[in-house]
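Q: Dropping a structure here in structure tokens format, bear with me for questions.
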Amino acid sequence: MTLQKMYQRKHFKKMENINEQIEALRKKIRYHNYRYYALDDPETSDAEYDSLFNRLLSMEKQHPELITPDSPTQRIGAKPQKTFSEVLHRLPMLSLENCFYDQEIIDYDLRIKKLLKDNPPIDYTVEPKIDGLAIELIYEKGILTTASTRGDGYVGENVTLNAKTILTIPLSLAETKEENTMADLLEVRGEIYMETEAFKELNHDRVKRGLSAFANPRNAAAGSLRQLNPRVTAKRPLNMFCYGIGELIGAEFETYHELMTALQQWGLRVNRPYIRICQDINEVIDSCHYLEKMRDQFPYEIDGAVIKVNQLGIQARLGQKSRSPRWALAYKFRPTQKTTRITRIEVQVGRTGALTPVANLEPIEIGGVLVTRATLHNQEEIEKKDIRELDTVIVQRAGDVIPEVVKPITTKRTGQEKVFVMPDHCPVCGAVVTKKGEDVVLRCTNPDCPAQVKESLKHFASKGGMNIDGLGDKIIAQLIEKGIVNEEADLYDLSVSDFITLDKIDKKSANNLVRAIENSKMTTLAKFIFSLGIRHVGEYSSELFASRFKGLDRFQKATREELISIKGIGNEIADSVFSYFEDGSNRQNIKRLLESGIQFEDILPPIPSHVAAKTFVITGSLRSMKRLEAKELILKLGGRLASSVGRSIDYLIVGESPGSKLNKARAMGIPVIKENDFLKLLEGESHE
């Protein structure tokens, strides 16, 4: 054998060995991607994953000839395209027939059973209808070859390069232990969407850079996926859930639920926790109602529930109409975003003197609630969005959040619209308004302003404060208007005869109010601190202060240094507290409150536990208790609470439908514990 041949053989074996190492790395990274994105159950830390990924990058850089299109490194970096090419769908991507009422669901069930004639047993699946952009992914021999939009249902746009930048879309399907389940050809259909918090951050960044804001997460997702430059798409926080298939060759399934299970096993992201199998139409209706009730707790927008016949054989028998399949139905929720017109912009004054512009609207129903007003936040926000009086606008409402104006529809302007400018005097008391430093909010300078007094009393009586049942907005307004009450301590001097002088208050109601005020005298130090309405001091900060100082007197005498030394308390909160207690009128009000008989329940010393001195954040809803109960338990055991994920957090407790905090915690390497593990911590077991 010649030296040249010996060298070539040795070189070939070396290359073969490097190729095996690279492929082994890719296989390992794909497995961890599958655990993270498809199962939401990672087995490795972010640091370990990054180490594997960087090692693969390094090896591929040294041997570019060994790079394959489905390598995990080949997600970002494609050059901008001049246009999107067309993709013909093998099977049409049909729309769904919509319904809005329970009776329509019942009628649908009767209709398809009548079509089938032989009355076979039918069960259904119900799942959330995510408000995003439909996409089709084509996998050949397990490799992603094409991604396209729905288009007109028959022809879509080729967005393959953009889809490859989305981390929840696998470039190749995972291998499973089951034999003969990997499809030769799989056309999977799904929804591209953007989580609510990520959408808000994107819009905030766009407005900051002088760009127009997206109207809603769906528009943001659609605009992000249809970028000619894949690098732009790569920077957008897009996700995908799979909801069905087109053509499938090389695998067979009996039910839709089995199919979704297989897709997840192959590494595709499926919304399995919320796909419910229903045995009859009454269960279907209950499931739809449950999802509608839960809609605001999802970290993404859903606009309905999708009902499907579970048996794929029956789906095939039912077939399709011209534009929709007969085996599926979309139950649409009441909308949370609608178009209306601003009739007038007025200014409200809050308990801290903050002036907030509010849009009075032509009444519209959003999510079953009649909306007549929406917040405009501040002058800076009005100018950024270019909102004017008499504008036609998009208004949105999410859960119990105050409705807000998203954007004006400038194409509908008539020339009658008026530019709005905030006043330089308080609209309630006429005092001069000021703006300090970089604060964008104007504030009334009169502490005795009736509007501030009213909002302060509402805050004092709120559930998180002194919890005075029945003392609402209208009653407080009358008490101030008649000069009966001017500050919080005045509430404890009220008698039945004072309440009877108010409109629509009878003797029974008056007695109930007096009893509620008396009952509020026994409270906790934390609730009392919160009820004072000190600027920037919320329920969490109040708990920290109560836990640290163990008494009101020590809290009032605390120095700035003592306040700032508390973990979780910054300069802004400390300065606000210090300034509050420097004001003699505030101290006098507190003195009167204590003299009226307010007492604090004993603060028990923290019980030694694995919770003590640890800081927790909770995301999602818990099954075993309410989140408020969980927070109280943590505090009683000497733990601490935070509202956002940061480096100082020890644990993120994850319940059902977690928000964007989960991804952030994982990215920062913060330990994530599920509800069962949290309960074990409370019982004294450690979490390793």
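The chains in the structure tokens are called A, B, ... from first to last as shown; in each chain the residues are counted from 1, and the ligands are counted from 1 in the order shown.
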So that I can check the secondary structure, give me every residue of segment 335-538 of chain A assigned helix (DSSP H, G or I) by backbone DSSP, as an MDAnalysis selection string.
A: chainID A and resid 379:385 410:412 450:461 473:481 488:493 496:500 507:519 525:531
Q: I want to know what sits within 12 Å of Glu197 of chain A, based on only C-alpha atoms, with residues of the same chain fewer than 6 positions away left out; could you give that as a list in words?
A: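 Returned residues: Asn203, His204, Asn216, Pro217, Pro237, Leu238, Phe298, Pro299, Tyr300, Glu301, Pro658, Gly659, Ser660, Lys661, Leu662, Asn663 and Lys664 of chain A.
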Q: If you count only C-alpha atoms, which residues fall within 7 Å of segment 622-630 of chain A, apart from same-chain ones fewer than 3 positions away, as a list in words?
A: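 Result of the neighbour search: Leu633, Ile634, Gly655, Glu656 and Glu675 of chain A.
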Q: If you keep C-alpha atoms, can you produce a file of those selected residues as a short mmCIF file (atom, residue, chain, number, x, y, z; two decimals), in the first residue's frame?
A:
```cif
data_model
loop_
_atom_site.label_atom_id
_atom_site.label_comp_id
_atom_site.auth_asym_id
_atom_site.auth_seq_id
_atom_site.Cartn_x
_atom_site.Cartn_y
_atom_site.Cartn_z
CA LEU A 633 -48.45 30.30 53.74
CA ILE A 634 -45.04 31.28 52.34
CA GLY A 655 -49.29 26.00 38.32
CA GLU A 656 -51.67 25.41 35.42
CA GLU A 675 -47.33 22.39 42.75
#
```
Q: From the options A:Ala642, A:Met522, A:Ile135, A:Ala251, which residue's atoms come nearest to Leu186 of chain A, counting only C-alpha atoms?
A: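 Closest to Leu186 of chain A of all the choices is A:Ala251.
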Q: Determine the nearest neighbour of Asn98 of chain A from the options A:Pro325, A:Pro121, A:Gly223, A:Gly250, counting only C-alpha atoms.
A: A:Pro325
Q: Any idea what's packed within 10 Å of Glu187 of chain A, counting only C-alpha atoms, ignoring anything in its chain fewer than 5 positions away? Could you give it as a list in words?
A: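 Near Glu187 of chain A, the qualifying residues are His89, Arg90, Leu91, Glu136, Leu137, Ile138, Tyr139, Glu140, Leu144, Thr146, Ala147, Gly244, Ile245, Gly246, Glu247, Leu248 and Ile249 of chain A.
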Q: Between A:Cys278, A:Ala354, A:Glu381, A:Asp123, which one has atoms that come closest to Gln311 of chain A, using only C-alpha atoms?
A: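 Answer, going by the shortest atom-to-atom distance: A:Asp123.
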Q: To one decimal place in Å, what is the distance between atom CA of Gly190 of chain A and atom CA of Ile169 of chain A?
A: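 Going from atom CA of Gly190 of chain A over to atom CA of Ile169 of chain A covers 10.1 Å.
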Q: Need to verify the contact set: Asp303 of chain A, 7 Å, only C-alpha atoms, exclusion of same-chain residues closer than 4 positions in sequence. Can you return it as an mmCIF file with C-alpha atoms, in the first residue's frame?
A:
```cif
data_model
loop_
_atom_site.group_PDB
_atom_site.id
_atom_site.type_symbol
_atom_site.label_atom_id
_atom_site.label_comp_id
_atom_site.auth_asym_id
_atom_site.auth_seq_id
_atom_site.Cartn_x
_atom_site.Cartn_y
_atom_site.Cartn_z
ATOM 1 C CA LYS A 129 -58.666 27.961 19.442
ATOM 2 C CA ILE A 130 -55.475 29.997 19.445
ATOM 3 C CA ASP A 131 -55.754 33.371 17.759
ATOM 4 C CA LYS A 332 -66.283 31.471 19.109
ATOM 5 C CA PHE A 333 -65.955 33.373 22.369
#
```
Q: Residues at most 9 Å from Pro72 of chain A, counting only C-alpha atoms, excluding those fewer than 4 positions away in the same chain, as a tab-separated table (two decimals) with N, CA and C atoms, in the first residue's frame?
A:
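Ended up saving to result_19.tsv:
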```
chain	number	residue	atom	x	y	z
A	26	ARG	N	-25.66	16.44	17.63
A	26	ARG	CA	-26.95	16.88	17.09
A	26	ARG	C	-28.09	16.07	17.70
A	29	ILE	N	-28.73	17.26	21.25
A	29	ILE	CA	-29.37	18.58	21.27
A	29	ILE	C	-30.83	18.46	20.84
A	30	ARG	N	-31.10	17.65	19.81
A	30	ARG	CA	-32.50	17.45	19.37
A	30	ARG	C	-33.33	16.85	20.50
A	53	PHE	N	-24.43	23.13	22.55
A	53	PHE	CA	-24.69	23.88	21.32
A	53	PHE	C	-23.43	24.58	20.82
A	56	LEU	N	-21.06	22.14	19.24
A	56	LEU	CA	-21.48	21.79	17.88
A	56	LEU	C	-21.14	22.90	16.89
A	170	PRO	N	-39.43	21.95	15.22
A	170	PRO	CA	-38.23	21.11	15.05
A	170	PRO	C	-37.80	21.02	13.59
A	171	LEU	N	-36.51	21.07	13.36
A	171	LEU	CA	-35.98	20.93	11.99
A	171	LEU	C	-36.03	19.47	11.54
A	172	SER	N	-36.01	18.55	12.50
A	172	SER	CA	-36.18	17.13	12.19
A	172	SER	C	-36.98	16.49	13.31
```
